[in-house]
Every structure is written in C-alpha cells, then in structure tokens.
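Okay, target.cif is below, mmCIF, C-alpha atoms:
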data_final
#
loop_
_atom_site.group_PDB
_atom_site.id
_atom_site.type_symbol
_atom_site.label_atom_id
_atom_site.label_comp_id
_atom_site.auth_asym_id
_atom_site.auth_seq_id
_atom_site.Cartn_x
_atom_site.Cartn_y
_atom_site.Cartn_z
ATOM 1 C CA MET A 28 -0.339 -4.085 28.386
ATOM 2 C CA SER A 29 -0.378 -2.506 31.857
ATOM 3 C CA GLY A 30 0.037 -4.339 35.148
ATOM 4 C CA GLY A 31 -0.243 -7.682 33.415
ATOM 5 C CA ARG A 32 -3.577 -6.785 31.815
ATOM 6 C CA ILE A 33 -4.315 -6.142 28.155
ATOM 7 C CA THR A 34 -5.835 -2.726 27.595
ATOM 8 C CA ALA A 35 -8.714 -2.880 25.126
ATOM 9 C CA LEU A 36 -8.526 -0.443 22.260
ATOM 10 C CA LYS A 37 -11.656 1.406 21.248
ATOM 11 C CA PRO A 38 -12.287 4.161 18.714
ATOM 12 C CA ALA A 39 -12.346 7.758 19.842
ATOM 13 C CA PRO A 40 -15.879 9.212 19.991
ATOM 14 C CA PHE A 41 -17.314 10.259 16.624
ATOM 15 C CA GLY A 42 -20.565 11.336 15.043
ATOM 16 C CA TYR A 43 -22.314 9.028 12.593
ATOM 17 C CA SER A 44 -24.456 9.528 9.504
ATOM 18 C CA ALA A 45 -26.022 6.912 7.226
ATOM 19 C CA PRO A 46 -27.292 8.911 4.231
ATOM 20 C CA ALA A 47 -29.880 7.341 1.951
ATOM 21 C CA SER A 48 -28.805 9.140 -1.229
ATOM 22 C CA LEU A 49 -25.625 10.345 -2.886
ATOM 23 C CA ALA A 50 -26.774 13.955 -2.610
ATOM 24 C CA GLU A 51 -27.285 13.528 1.121
ATOM 25 C CA ALA A 52 -23.874 11.884 1.537
ATOM 26 C CA LEU A 53 -22.146 14.695 -0.346
ATOM 27 C CA ALA A 54 -24.011 17.295 1.693
ATOM 28 C CA VAL A 55 -22.784 15.736 4.942
ATOM 29 C CA LEU A 56 -19.224 15.575 3.634
ATOM 30 C CA ALA A 57 -19.427 19.213 2.574
ATOM 31 C CA GLU A 58 -20.537 20.180 6.062
ATOM 32 C CA VAL A 59 -18.013 18.099 8.011
ATOM 33 C CA GLY A 60 -15.113 18.506 5.565
ATOM 34 C CA GLU A 61 -11.675 17.297 6.636
ATOM 35 C CA HIS A 62 -12.994 15.914 9.907
ATOM 36 C CA ALA A 63 -15.004 13.157 8.150
ATOM 37 C CA LYS A 64 -14.162 9.605 7.118
ATOM 38 C CA VAL A 65 -16.205 7.519 4.700
ATOM 39 C CA LEU A 66 -17.283 4.006 5.686
ATOM 40 C CA ALA A 67 -17.898 1.553 2.839
ATOM 41 C CA GLY A 68 -16.421 -1.907 3.496
ATOM 42 C CA GLY A 69 -14.518 -0.853 6.595
ATOM 43 C CA GLN A 70 -11.845 -3.544 6.293
ATOM 44 C CA SER A 71 -9.067 -0.948 6.476
ATOM 45 C CA LEU A 72 -10.798 1.879 8.317
ATOM 46 C CA LEU A 73 -12.187 0.027 11.326
ATOM 47 C CA PRO A 74 -8.807 -1.329 12.517
ATOM 48 C CA LEU A 75 -7.361 2.185 12.258
ATOM 49 C CA LEU A 76 -10.247 3.535 14.326
ATOM 50 C CA SER A 77 -9.876 0.825 16.951
ATOM 51 C CA MET A 78 -6.157 1.491 17.326
ATOM 52 C CA ARG A 79 -6.804 5.268 17.256
ATOM 53 C CA LEU A 80 -4.477 5.681 14.318
ATOM 54 C CA ALA A 81 -7.402 7.597 12.825
ATOM 55 C CA ALA A 82 -9.763 9.710 14.901
ATOM 56 C CA PRO A 83 -12.338 11.420 12.673
ATOM 57 C CA ARG A 84 -15.031 13.513 14.247
ATOM 58 C CA HIS A 85 -17.665 12.080 11.949
ATOM 59 C CA LEU A 86 -18.205 8.807 10.079
ATOM 60 C CA VAL A 87 -20.274 8.847 6.882
ATOM 61 C CA ASP A 88 -21.639 5.361 6.156
ATOM 62 C CA ILE A 89 -22.463 5.170 2.431
ATOM 63 C CA ASN A 90 -23.750 1.582 2.415
ATOM 64 C CA ARG A 91 -27.381 2.715 2.024
ATOM 65 C CA VAL A 92 -26.644 4.932 -0.975
ATOM 66 C CA PRO A 93 -28.214 3.391 -4.106
ATOM 67 C CA GLY A 94 -26.421 3.150 -7.426
ATOM 68 C CA LEU A 95 -22.865 2.817 -6.095
ATOM 69 C CA ASP A 96 -22.719 -0.983 -6.367
ATOM 70 C CA ARG A 97 -22.563 -1.213 -10.157
ATOM 71 C CA VAL A 98 -19.904 -2.572 -12.496
ATOM 72 C CA GLU A 99 -20.229 -1.169 -16.012
ATOM 73 C CA ILE A 100 -18.167 -1.483 -19.183
ATOM 74 C CA VAL A 101 -18.581 1.930 -20.790
ATOM 75 C CA ASP A 102 -16.477 4.217 -22.971
ATOM 76 C CA GLY A 103 -13.604 1.721 -23.176
ATOM 77 C CA SER A 104 -13.328 1.317 -19.416
ATOM 78 C CA VAL A 105 -14.495 -0.931 -16.618
ATOM 79 C CA ARG A 106 -16.243 1.487 -14.258
ATOM 80 C CA VAL A 107 -16.483 0.258 -10.669
ATOM 81 C CA GLY A 108 -18.790 1.968 -8.177
ATOM 82 C CA ALA A 109 -17.812 2.830 -4.617
ATOM 83 C CA LEU A 110 -19.813 -0.042 -3.068
ATOM 84 C CA VAL A 111 -18.639 -2.835 -5.376
ATOM 85 C CA ARG A 112 -17.078 -5.529 -3.195
ATOM 86 C CA HIS A 113 -13.851 -7.254 -4.177
ATOM 87 C CA THR A 114 -15.733 -10.519 -4.655
ATOM 88 C CA ASP A 115 -18.339 -8.882 -6.890
ATOM 89 C CA LEU A 116 -15.712 -7.552 -9.270
ATOM 90 C CA GLU A 117 -13.649 -10.739 -9.154
ATOM 91 C CA ARG A 118 -16.684 -12.790 -10.227
ATOM 92 C CA HIS A 119 -17.907 -10.323 -12.858
ATOM 93 C CA GLU A 120 -17.377 -12.117 -16.160
ATOM 94 C CA GLY A 121 -17.752 -8.985 -18.260
ATOM 95 C CA ALA A 122 -15.104 -7.144 -16.269
ATOM 96 C CA ALA A 123 -12.731 -10.115 -16.377
ATOM 97 C CA ALA A 124 -13.094 -10.391 -20.140
ATOM 98 C CA ALA A 125 -12.635 -6.649 -20.665
ATOM 99 C CA GLN A 126 -9.650 -6.304 -18.340
ATOM 100 C CA PRO A 127 -8.176 -9.635 -17.124
ATOM 101 C CA LEU A 128 -5.732 -7.932 -14.747
ATOM 102 C CA LEU A 129 -8.612 -7.139 -12.400
ATOM 103 C CA ARG A 130 -9.425 -10.772 -11.642
ATOM 104 C CA GLN A 131 -5.739 -11.716 -11.597
ATOM 105 C CA ALA A 132 -5.108 -9.158 -8.847
ATOM 106 C CA LEU A 133 -8.347 -9.555 -6.893
ATOM 107 C CA ARG A 134 -7.722 -13.260 -6.305
ATOM 108 C CA LEU A 135 -4.709 -12.222 -4.220
ATOM 109 C CA VAL A 136 -6.493 -9.674 -2.022
ATOM 110 C CA GLY A 137 -6.689 -10.785 1.620
ATOM 111 C CA HIS A 138 -8.973 -13.682 2.516
ATOM 112 C CA PRO A 139 -12.482 -14.523 1.241
ATOM 113 C CA THR A 140 -14.095 -12.857 4.264
ATOM 114 C CA ILE A 141 -12.216 -9.641 3.546
ATOM 115 C CA ARG A 142 -13.036 -9.778 -0.167
ATOM 116 C CA ASN A 143 -16.718 -10.365 0.607
ATOM 117 C CA ARG A 144 -16.954 -7.104 2.546
ATOM 118 C CA GLY A 145 -14.100 -4.881 1.379
ATOM 119 C CA THR A 146 -14.693 -2.512 -1.521
ATOM 120 C CA CYS A 147 -12.473 -1.943 -4.536
ATOM 121 C CA VAL A 148 -12.766 1.833 -4.459
ATOM 122 C CA GLY A 149 -12.191 1.828 -0.704
ATOM 123 C CA SER A 150 -8.932 -0.071 -1.143
ATOM 124 C CA ILE A 151 -7.752 2.481 -3.698
ATOM 125 C CA ALA A 152 -8.842 5.454 -1.588
ATOM 126 C CA HIS A 153 -7.076 3.949 1.443
ATOM 127 C CA ALA A 154 -3.839 4.107 -0.598
ATOM 128 C CA ASP A 155 -1.853 1.448 1.185
ATOM 129 C CA PRO A 156 1.374 1.140 -0.861
ATOM 130 C CA ALA A 157 1.301 -2.657 -0.403
ATOM 131 C CA ALA A 158 -2.240 -3.146 -1.724
ATOM 132 C CA GLU A 159 -2.919 -4.755 -5.088
ATOM 133 C CA LEU A 160 -5.582 -2.514 -6.630
ATOM 134 C CA PRO A 161 -3.614 0.748 -6.397
ATOM 135 C CA GLY A 162 -0.873 -0.976 -8.408
ATOM 136 C CA VAL A 163 -3.434 -2.130 -10.963
ATOM 137 C CA LEU A 164 -4.877 1.364 -11.307
ATOM 138 C CA VAL A 165 -1.428 2.857 -11.851
ATOM 139 C CA VAL A 166 -0.175 0.335 -14.401
ATOM 140 C CA LEU A 167 -3.402 0.572 -16.417
ATOM 141 C CA GLY A 168 -3.513 4.360 -16.293
ATOM 142 C CA GLY A 169 -6.971 4.418 -14.751
ATOM 143 C CA ARG A 170 -8.739 7.265 -13.025
ATOM 144 C CA VAL A 171 -10.775 8.055 -9.925
ATOM 145 C CA GLU A 172 -14.042 9.980 -10.005
ATOM 146 C CA ALA A 173 -14.124 12.405 -7.073
ATOM 147 C CA SER A 174 -17.531 13.919 -6.354
ATOM 148 C CA THR A 175 -18.700 16.817 -4.199
ATOM 149 C CA ALA A 176 -21.991 18.570 -3.640
ATOM 150 C CA TRP A 177 -20.938 21.003 -6.390
ATOM 151 C CA GLY A 178 -19.753 18.597 -9.070
ATOM 152 C CA SER A 179 -17.186 15.944 -9.888
ATOM 153 C CA ARG A 180 -13.724 15.621 -11.389
ATOM 154 C CA GLN A 181 -11.592 12.833 -12.831
ATOM 155 C CA VAL A 182 -8.239 12.256 -11.148
ATOM 156 C CA PRO A 183 -5.673 10.267 -13.182
ATOM 157 C CA ALA A 184 -3.958 7.445 -11.326
ATOM 158 C CA ALA A 185 -0.581 9.136 -11.817
ATOM 159 C CA GLU A 186 -1.815 12.093 -9.745
ATOM 160 C CA PHE A 187 -3.962 10.273 -7.190
ATOM 161 C CA PHE A 188 -1.476 8.651 -4.804
ATOM 162 C CA LEU A 189 0.579 11.195 -2.872
ATOM 163 C CA SER A 190 2.176 9.232 -0.005
ATOM 164 C CA PRO A 191 1.309 6.244 2.208
ATOM 165 C CA LEU A 192 -2.412 6.451 3.072
ATOM 166 C CA GLU A 193 -2.670 9.887 1.436
ATOM 167 C CA THR A 194 -4.409 10.691 -1.849
ATOM 168 C CA ALA A 195 -5.408 13.699 -3.907
ATOM 169 C CA LEU A 196 -8.976 13.556 -2.554
ATOM 170 C CA ARG A 197 -9.912 16.913 -1.060
ATOM 171 C CA PRO A 198 -12.001 17.587 2.056
ATOM 172 C CA GLY A 199 -15.649 17.033 1.188
ATOM 173 C CA GLU A 200 -14.898 14.757 -1.785
ATOM 174 C CA LEU A 201 -16.120 11.199 -2.156
ATOM 175 C CA ALA A 202 -14.488 8.681 -4.492
ATOM 176 C CA THR A 203 -17.667 7.526 -6.220
ATOM 177 C CA SER A 204 -16.037 5.251 -8.799
ATOM 178 C CA VAL A 205 -12.811 4.126 -10.402
ATOM 179 C CA SER A 206 -12.315 3.340 -14.091
ATOM 180 C CA PHE A 207 -9.855 0.835 -15.526
ATOM 181 C CA PRO A 208 -9.167 0.907 -19.297
ATOM 182 C CA VAL A 209 -10.141 -2.280 -21.109
ATOM 183 C CA ALA A 210 -7.353 -4.410 -22.539
ATOM 184 C CA GLY A 211 -6.528 -3.817 -26.180
ATOM 185 C CA PRO A 212 -5.954 -6.528 -28.787
ATOM 186 C CA ARG A 213 -2.782 -8.613 -28.450
ATOM 187 C CA THR A 214 -2.440 -7.542 -24.814
ATOM 188 C CA GLY A 215 -1.410 -9.793 -21.952
ATOM 189 C CA THR A 216 -1.479 -9.076 -18.225
ATOM 190 C CA ALA A 217 -0.346 -10.758 -15.028
ATOM 191 C CA PHE A 218 -0.137 -10.038 -11.306
ATOM 192 C CA VAL A 219 2.324 -11.904 -9.097
ATOM 193 C CA GLU A 220 3.318 -11.306 -5.509
ATOM 194 C CA LEU A 221 5.008 -12.901 -2.539
ATOM 195 C CA SER A 222 3.675 -12.643 0.990
ATOM 196 C CA ARG A 223 4.695 -14.302 4.242
ATOM 197 C CA ARG A 224 1.322 -16.036 4.490
ATOM 198 C CA ARG A 225 -1.581 -16.429 2.141
ATOM 199 C CA GLY A 226 -3.752 -13.335 2.505
ATOM 200 C CA ASP A 227 -1.067 -11.097 4.005
ATOM 201 C CA TYR A 228 -0.008 -7.899 2.303
ATOM 202 C CA ALA A 229 2.668 -8.584 -0.297
ATOM 203 C CA LEU A 230 6.330 -8.162 0.512
ATOM 204 C CA VAL A 231 6.540 -7.218 -3.165
ATOM 205 C CA GLY A 232 3.860 -7.298 -5.840
ATOM 206 C CA VAL A 233 4.147 -6.775 -9.602
ATOM 207 C CA ALA A 234 1.380 -6.024 -12.098
ATOM 208 C CA ALA A 235 2.550 -6.412 -15.694
ATOM 209 C CA VAL A 236 1.034 -5.332 -19.011
ATOM 210 C CA VAL A 237 2.582 -6.426 -22.326
ATOM 211 C CA GLU A 238 1.291 -5.501 -25.787
ATOM 212 C CA LEU A 239 2.391 -7.218 -28.995
ATOM 213 C CA ALA A 240 2.838 -5.799 -32.474
ATOM 214 C CA PRO A 241 1.365 -7.655 -35.478
ATOM 215 C CA ASP A 242 4.741 -9.365 -36.000
ATOM 216 C CA THR A 243 4.480 -10.659 -32.351
ATOM 217 C CA SER A 244 7.371 -8.506 -31.140
ATOM 218 C CA ILE A 245 6.724 -6.417 -28.035
ATOM 219 C CA SER A 246 5.219 -2.996 -28.768
ATOM 220 C CA SER A 247 4.722 -1.877 -25.167
ATOM 221 C CA ALA A 248 5.595 -3.169 -21.699
ATOM 222 C CA ARG A 249 5.184 -1.727 -18.234
ATOM 223 C CA VAL A 250 4.867 -2.852 -14.643
ATOM 224 C CA GLY A 251 3.252 -1.503 -11.513
ATOM 225 C CA LEU A 252 5.206 -2.271 -8.337
ATOM 226 C CA VAL A 253 3.677 -2.376 -4.864
ATOM 227 C CA SER A 254 5.321 -2.511 -1.447
ATOM 228 C CA VAL A 255 8.616 -1.037 -2.697
ATOM 229 C CA GLY A 256 7.965 2.649 -2.197
ATOM 230 C CA PRO A 257 5.646 5.182 -0.563
ATOM 231 C CA THR A 258 3.143 4.858 -3.418
ATOM 232 C CA PRO A 259 2.496 2.291 -6.161
ATOM 233 C CA LEU A 260 5.222 2.676 -8.744
ATOM 234 C CA LEU A 261 4.812 2.683 -12.529
ATOM 235 C CA VAL A 262 7.855 1.643 -14.573
ATOM 236 C CA ASP A 263 7.834 1.849 -18.379
ATOM 237 C CA LEU A 264 10.035 -0.934 -19.761
ATOM 238 C CA SER A 265 9.709 -0.002 -23.419
ATOM 239 C CA GLU A 266 13.342 1.041 -23.812
ATOM 240 C CA VAL A 267 14.581 -2.496 -23.199
ATOM 241 C CA LEU A 268 11.694 -4.525 -24.627
ATOM 242 C CA VAL A 269 10.023 -2.742 -27.550
ATOM 243 C CA GLY A 270 10.727 -4.422 -30.890
ATOM 244 C CA ARG A 271 12.079 -7.548 -29.207
ATOM 245 C CA PRO A 272 10.602 -11.012 -28.668
ATOM 246 C CA GLY A 273 10.989 -11.007 -24.879
ATOM 247 C CA GLY A 274 13.616 -13.678 -24.330
ATOM 248 C CA ALA A 275 15.190 -14.502 -20.996
ATOM 249 C CA ARG A 276 18.021 -11.979 -21.373
ATOM 250 C CA GLU A 277 15.614 -9.210 -22.343
ATOM 251 C CA LEU A 278 13.293 -9.922 -19.416
ATOM 252 C CA ALA A 279 16.285 -9.888 -17.077
ATOM 253 C CA ALA A 280 17.247 -6.454 -18.415
ATOM 254 C CA ALA A 281 13.679 -5.273 -17.863
ATOM 255 C CA ALA A 282 13.742 -6.562 -14.283
ATOM 256 C CA ALA A 283 16.997 -4.721 -13.649
ATOM 257 C CA LEU A 284 15.432 -1.522 -14.985
ATOM 258 C CA ALA A 285 12.440 -1.982 -12.688
ATOM 259 C CA LEU A 286 14.782 -2.345 -9.722
ATOM 260 C CA GLU A 287 16.505 0.925 -10.624
ATOM 261 C CA HIS A 288 13.212 2.729 -10.065
ATOM 262 C CA ALA A 289 12.183 0.857 -6.911
ATOM 263 C CA GLU A 290 12.742 2.120 -3.366
ATOM 264 C CA PRO A 291 12.727 -1.043 -1.233
ATOM 265 C CA GLU A 292 13.065 -0.500 2.505
ATOM 266 C CA ALA A 293 13.625 -2.832 5.412
ATOM 267 C CA ASP A 294 10.933 -3.537 8.004
ATOM 268 C CA ILE A 295 10.056 -6.319 10.444
ATOM 269 C CA HIS A 296 8.984 -8.538 7.545
ATOM 270 C CA ALA A 297 11.914 -8.312 5.124
ATOM 271 C CA SER A 298 15.236 -6.620 4.514
ATOM 272 C CA ALA A 299 15.705 -4.059 1.766
ATOM 273 C CA GLN A 300 18.066 -6.471 -0.009
ATOM 274 C CA TYR A 301 15.482 -9.239 0.033
ATOM 275 C CA ARG A 302 12.820 -6.943 -1.357
ATOM 276 C CA ALA A 303 15.221 -5.790 -4.071
ATOM 277 C CA ARG A 304 15.785 -9.389 -5.101
ATOM 278 C CA LEU A 305 12.038 -9.987 -5.142
ATOM 279 C CA VAL A 306 11.556 -7.027 -7.481
ATOM 280 C CA GLU A 307 13.858 -8.688 -10.019
ATOM 281 C CA VAL A 308 12.448 -12.196 -9.655
ATOM 282 C CA LEU A 309 8.766 -11.208 -9.625
ATOM 283 C CA THR A 310 9.124 -8.676 -12.437
ATOM 284 C CA THR A 311 10.684 -11.356 -14.640
ATOM 285 C CA ARG A 312 7.937 -13.789 -13.692
ATOM 286 C CA ALA A 313 5.101 -11.304 -14.224
ATOM 287 C CA LEU A 314 6.425 -10.213 -17.605
ATOM 288 C CA ALA A 315 6.828 -13.812 -18.745
ATOM 289 C CA GLN A 316 3.240 -14.604 -17.741
ATOM 290 C CA ALA A 317 1.900 -11.445 -19.377
ATOM 291 C CA LEU A 318 3.848 -12.215 -22.561
ATOM 292 C CA ALA A 319 2.441 -15.749 -22.634
ATOM 293 C CA ASN A 320 -1.087 -14.401 -22.138
ATOM 294 C CA ALA A 321 -0.563 -11.868 -24.924
ATOM 295 C CA SER A 322 0.636 -14.646 -27.236
ATOM 296 C CA HIS A 323 -2.434 -16.658 -26.349
ATOM 297 C CA GLU A 324 -4.659 -13.689 -27.234
ATOM 298 C CA GLU A 325 -2.792 -13.324 -30.524
ATOM 299 C CA ALA A 326 -3.355 -17.001 -31.357
ATOM 300 C CA ALA A 327 -7.029 -16.757 -30.468
#
Take the structure in the file and write it out as structure tokens.
Amino acid sequence: MSGGRITALKPAPFGYSAPASLAEALAVLAEVGEHAKVLAGGQSLLPLLSMRLAAPRHLVDINRVPGLDRVEIVDGSVRVGALVRHTDLERHEGAAAAQPLLRQALRLVGHPTIRNRGTCVGSIAHADPAAELPGVLVVLGGRVEASTAWGSRQVPAAEFFLSPLETALRPGELATSVSFPVAGPRTGTAFVELSRRRGDYALVGVAAVVELAPDTSISSARVGLVSVGPTPLLVDLSEVLVGRPGGARELAAAAALALEHAEPEADIHASAQYRARLVEVLTTRALAQALANASHEEAA
C-alpha cells in the first residue's frame, strides 16, 4: 500500500508457448531451460507469478498436450499423468480401490474449485512441504517420471524433494507422471490433518500405512509427515510396532518416535510447541485409523 492506495500486483513479462504435443513441449523446455515454468493447473504457480515470487522468462502451457490426462493401474502402480486433476483422481474408482490413501488425501486438498483445476503432478512438482500429495508419495515410496527431449528417468520419492519448493527436476525436464504403488493385502491407510480453516494448508498432516501379518500383528508401519520440516518426512515406525497388536501404549510410543524425527517450526499460524503436540496426536490418530482399515481388509 502506498499513499493510501493498494498497488496491484502483476506478473513480470514472460514469453508463452502452448504446445500441441509432448515432443513440442519438451523441445520448448530444452530450448528455454532453467528460465521456463510449466503451466498445468496453475493453482500454485499463478499466485507466485502475480506476487512476483517467481519470474520465469517463459511459460510453457501443457494443457493442449494429449495423453497426459490418464489414470492407469499398471505394473503394480497407479500411474497419474501430468494433466490429471485432483477431482479426477479422487473420483477414480479403480485408483481408490488400488490405493485408498489417494482418495483419503485428495478429499483434504483445498476447496472443490481448486481440486477441479489443480493437477496432482503439479502439486508434487511444486513441492510445498505442507501439501498432502508429496506426503503421500513419500510414505508410499512412489516415483516421478521426468522427461526431456532426449529421454526419461524415474526419480524415487526419497530423492525428489530437496527443500521447500525445490525438487530434483533438472532444467528442461517435465514431470510427465507420478506412480503410487498399489496397496498390498492386509494393508490399511489413513490421512489426517488439522488446518485453521477447511481448505487451508495443514498445520500438520500425517499419512499412515500399516500392514498386518497373517496372525494380525503389525508387520510394517510408517508415516509421512507434512508441514513439520522443509520437505515431506518419512518415518519408519517398525521398531516400536512390528510384531505387536497396536494398542494404545504402542501407538503412543510410535507417535513419540515420529516426533523425534520431526522439525516443527513456529510461524504466524502456530507455535513450534503446538505443532509438536499435533504430530503426536495426529500420528496416533492416523495409525489407529490405518490399523482399523487394515483389520477391515483382513476380515474381508
């Protein structure tokens, strides 16, 4: 505000391309390199442009590229193309059956208007440490397909997120899809979070995956934490839960272990102490829900 007037914010000047094929899109990215940004849903990018927190020289709009809007269950994974909207994946019955954690998390993303336009791959490539889908990718051990004009590579989730809003994508690369492993037998999942208002980014979010042995004891347990560190955080809880039934005391021990790995910080929304308490409460809650869902799968 200057002199009592609100100064409108507008993006810095940039070039614009709307390629009609993947080959054309990759060719433009190869030419522009690090000075390019990719536009898919735009729910994260456009605000950054308007506030000049990002000022690319060129915008590559991939919305006309065919074949990037597909959801496929192949090779034991749910493969999600770069133009699949949050709503499309949330409503995809095959994806929900193959990996229930996807729908559980997507229902918490923003508001319906945002989910209708925002893309799943775009959310992951944006790498906001408070977003739901990066946490899902990490806890499931998924991967990102990064393509260039010369070929493609698979980037494991554990290597993809480098720091807030920074990923392992290289100049000229396009995240063309992400793959989430399907849930195995006797597996339960859950995603819980707390935000100041419905649709806001989570103060803390927890994605939980619990697997049961044939005797119904826990054979594997892990959580993905969001909004408590510079990147989504994977915590393996096997040392306190494997071989045990998952009673209240055991879940409390698992929550304490999760907190040991978390890095909660204070901001205008919450204190570090409050976030630390949320890690314990929400981890316990997510594990309990995942355990109940795993037991339900076992009974079915």
Edge lengths and centre in Å to one decimal, as lines of an AutoDock Vina configuration file, is what I'm after for the box along x, y and z that holds all listed atoms of stretch 269-272 of chain A once 5 Å is added on each side.
center_x = 11.1
center_y = -6.9
center_z = -29.2
size_x = 12.1
size_y = 18.3
size_z = 13.3
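Checking A:Pro93, A:Ala217, A:His296, A:Leu76 one by one against A:Arg312, counting only C-alpha atoms, you find the shortest gap at A:Ala217.
With the shown file loaded, the PyMOL selection byres ((chain A and resi 94) around 12) picks out Ala47, Ser48, Leu49, Ala50, Ile89, Asn90, Arg91, Val92, Pro93, Leu95, Asp96, Arg97, Val98, Glu99, Val107, Gly108, Ala109, Leu110, Val111, Thr203 and Ser204 of chain A.
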Tell me which protein, DNA and RNA residues are within 7 Å of stretch 269-273 of chain A, counting only C-alpha atoms, leaving out same-chain ones fewer than 5 positions away, and put them as a VMD selection string.
chain A and resid 244 to 247 278
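Among the candidates A:Thr216, A:Thr243, A:Thr310, A:Ser44, the residue lying nearest to A:Val262 is A:Thr310 (atoms considered: only C-alpha atoms).
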Can you list, as a PyMOL selection string, the residues that the PyMOL selection byres ((chain A and resi 298-306) around 8) selects here?
chain A and resi 230-233+252+255+282+285-286+289+291-297+307-310
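Atom CA of A:Ala184 lies 18.5 Å from atom CA of A:Pro127.
Closest approach to A:Pro212 from the set A:Gly251, A:Pro241, A:Gly274, A:Pro198 is made by A:Pro241, with distances taken over only C-alpha atoms.
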Using only C-alpha atoms, find the one residue out of A:Gly215, A:Pro156, A:Gly168, A:Gly226 that sits nearest to A:Gly256.
A:Pro156
Output of the PyMOL selection byres ((chain A and resi 131) around 12), listed as a VMD selection string
chain A and resid 113 116 to 118 122 to 124 126 to 130 132 to 136 159 to 160 163 215 to 220 233 to 236 313 316 to 317 320
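Atom CA of A:His288 to atom CA of A:Ala315 spans 19.7 Å [interatomic distance, one decimal].
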Which residue of A:Ile151, A:Ile141, A:Ala54, A:Ala281 approaches A:Phe188 most closely, using all atoms listed in the file
A:Ile151
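Across A:Val87, A:Met78, A:Val209, A:Leu66, the tightest approach to A:Pro46 is made by A:Val87 when counting all atoms listed in the file.
Atom to atom, atom CA of A:Leu72 and atom CA of A:Asn143 stand 15.6 Å apart.
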Do you know which residues are at most 12 Å from A:Gly60 counting only C-alpha atoms, after dropping those on the same chain fewer than 6 positions away, and could you put them as an MDAnalysis selection string?
chainID A and resid 52:54 83:87 175:176 196:201
May I have the protein, DNA and RNA residues with any atom at most 8 Å from the point (3.2, 4.2, -14.4), counting all atoms listed in the file, written as a PDB file with C-alpha atoms, in the coordinates of the input?
ATOM      1  CA  VAL A 165      -1.428   2.857 -11.851  1.00  0.00           C
ATOM      2  CA  VAL A 166      -0.175   0.335 -14.401  1.00  0.00           C
ATOM      3  CA  LEU A 167      -3.402   0.572 -16.417  1.00  0.00           C
ATOM      4  CA  GLY A 168      -3.513   4.360 -16.293  1.00  0.00           C
ATOM      5  CA  ALA A 185      -0.581   9.136 -11.817  1.00  0.00           C
ATOM      6  CA  ARG A 249       5.184  -1.727 -18.234  1.00  0.00           C
ATOM      7  CA  VAL A 250       4.867  -2.852 -14.643  1.00  0.00           C
ATOM      8  CA  GLY A 251       3.252  -1.503 -11.513  1.00  0.00           C
ATOM      9  CA  LEU A 260       5.222   2.676  -8.744  1.00  0.00           C
ATOM     10  CA  LEU A 261       4.812   2.683 -12.529  1.00  0.00           C
ATOM     11  CA  VAL A 262       7.855   1.643 -14.573  1.00  0.00           C
ATOM     12  CA  ASP A 263       7.834   1.849 -18.379  1.00  0.00           C
TER      13      ASP A 263
END
Residue neighbourhood A:Leu192, 6 Å, only C-alpha atoms, exclusion window fewer than 6 positions, as a PDB file with C-alpha atoms, in the coordinates of the input:
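Wrote it out as around.pdb, contents follow:
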ATOM      1  CA  HIS A 153      -7.076   3.949   1.443  1.00  0.00           C
ATOM      2  CA  ALA A 154      -3.839   4.107  -0.598  1.00  0.00           C
ATOM      3  CA  ASP A 155      -1.853   1.448   1.185  1.00  0.00           C
TER       4      ASP A 155
END
Repaired coordinates for stretch 222-236 of chain A (N, CA and C atoms) as a CSV table (one decimal), in the frame of the given file:
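Final output, saved to part.csv:
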chain,number,residue,atom,x,y,z
A,222,SER,N,4.0,-13.1,-0.4
A,222,SER,CA,3.7,-12.6,1.0
A,222,SER,C,4.1,-13.7,2.0
A,223,ARG,N,4.2,-13.3,3.2
A,223,ARG,CA,4.7,-14.3,4.2
A,223,ARG,C,3.7,-15.4,4.4
A,224,ARG,N,2.4,-15.1,4.4
A,224,ARG,CA,1.3,-16.0,4.5
A,224,ARG,C,0.2,-15.7,3.5
A,225,ARG,N,-0.5,-16.7,3.1
A,225,ARG,CA,-1.6,-16.4,2.1
A,225,ARG,C,-2.5,-15.4,2.7
A,226,GLY,N,-2.8,-14.3,2.0
A,226,GLY,CA,-3.8,-13.3,2.5
A,226,GLY,C,-3.1,-12.1,3.1
A,227,ASP,N,-1.8,-12.2,3.5
A,227,ASP,CA,-1.1,-11.1,4.0
A,227,ASP,C,-0.8,-10.1,2.9
A,228,TYR,N,-0.5,-8.9,3.3
A,228,TYR,CA,0.0,-7.9,2.3
A,228,TYR,C,1.3,-8.4,1.7
A,229,ALA,N,1.5,-8.1,0.4
A,229,ALA,CA,2.7,-8.6,-0.3
A,229,ALA,C,3.9,-7.9,0.2
A,230,LEU,N,5.0,-8.7,0.3
A,230,LEU,CA,6.3,-8.2,0.5
A,230,LEU,C,6.7,-7.4,-0.7
A,231,VAL,N,6.4,-7.9,-1.9
A,231,VAL,CA,6.5,-7.2,-3.2
A,231,VAL,C,5.5,-7.8,-4.1
A,232,GLY,N,4.8,-6.9,-4.8
A,232,GLY,CA,3.9,-7.3,-5.8
A,232,GLY,C,4.1,-6.6,-7.2
A,233,VAL,N,3.9,-7.3,-8.3
A,233,VAL,CA,4.1,-6.8,-9.6
A,233,VAL,C,2.9,-7.0,-10.5
A,234,ALA,N,2.4,-5.9,-11.1
A,234,ALA,CA,1.4,-6.0,-12.1
A,234,ALA,C,2.0,-5.7,-13.4
A,235,ALA,N,1.9,-6.6,-14.4
A,235,ALA,CA,2.6,-6.4,-15.7
A,235,ALA,C,1.5,-6.3,-16.8
A,236,VAL,N,1.8,-5.5,-17.8
A,236,VAL,CA,1.0,-5.3,-19.0
A,236,VAL,C,2.0,-5.4,-20.2
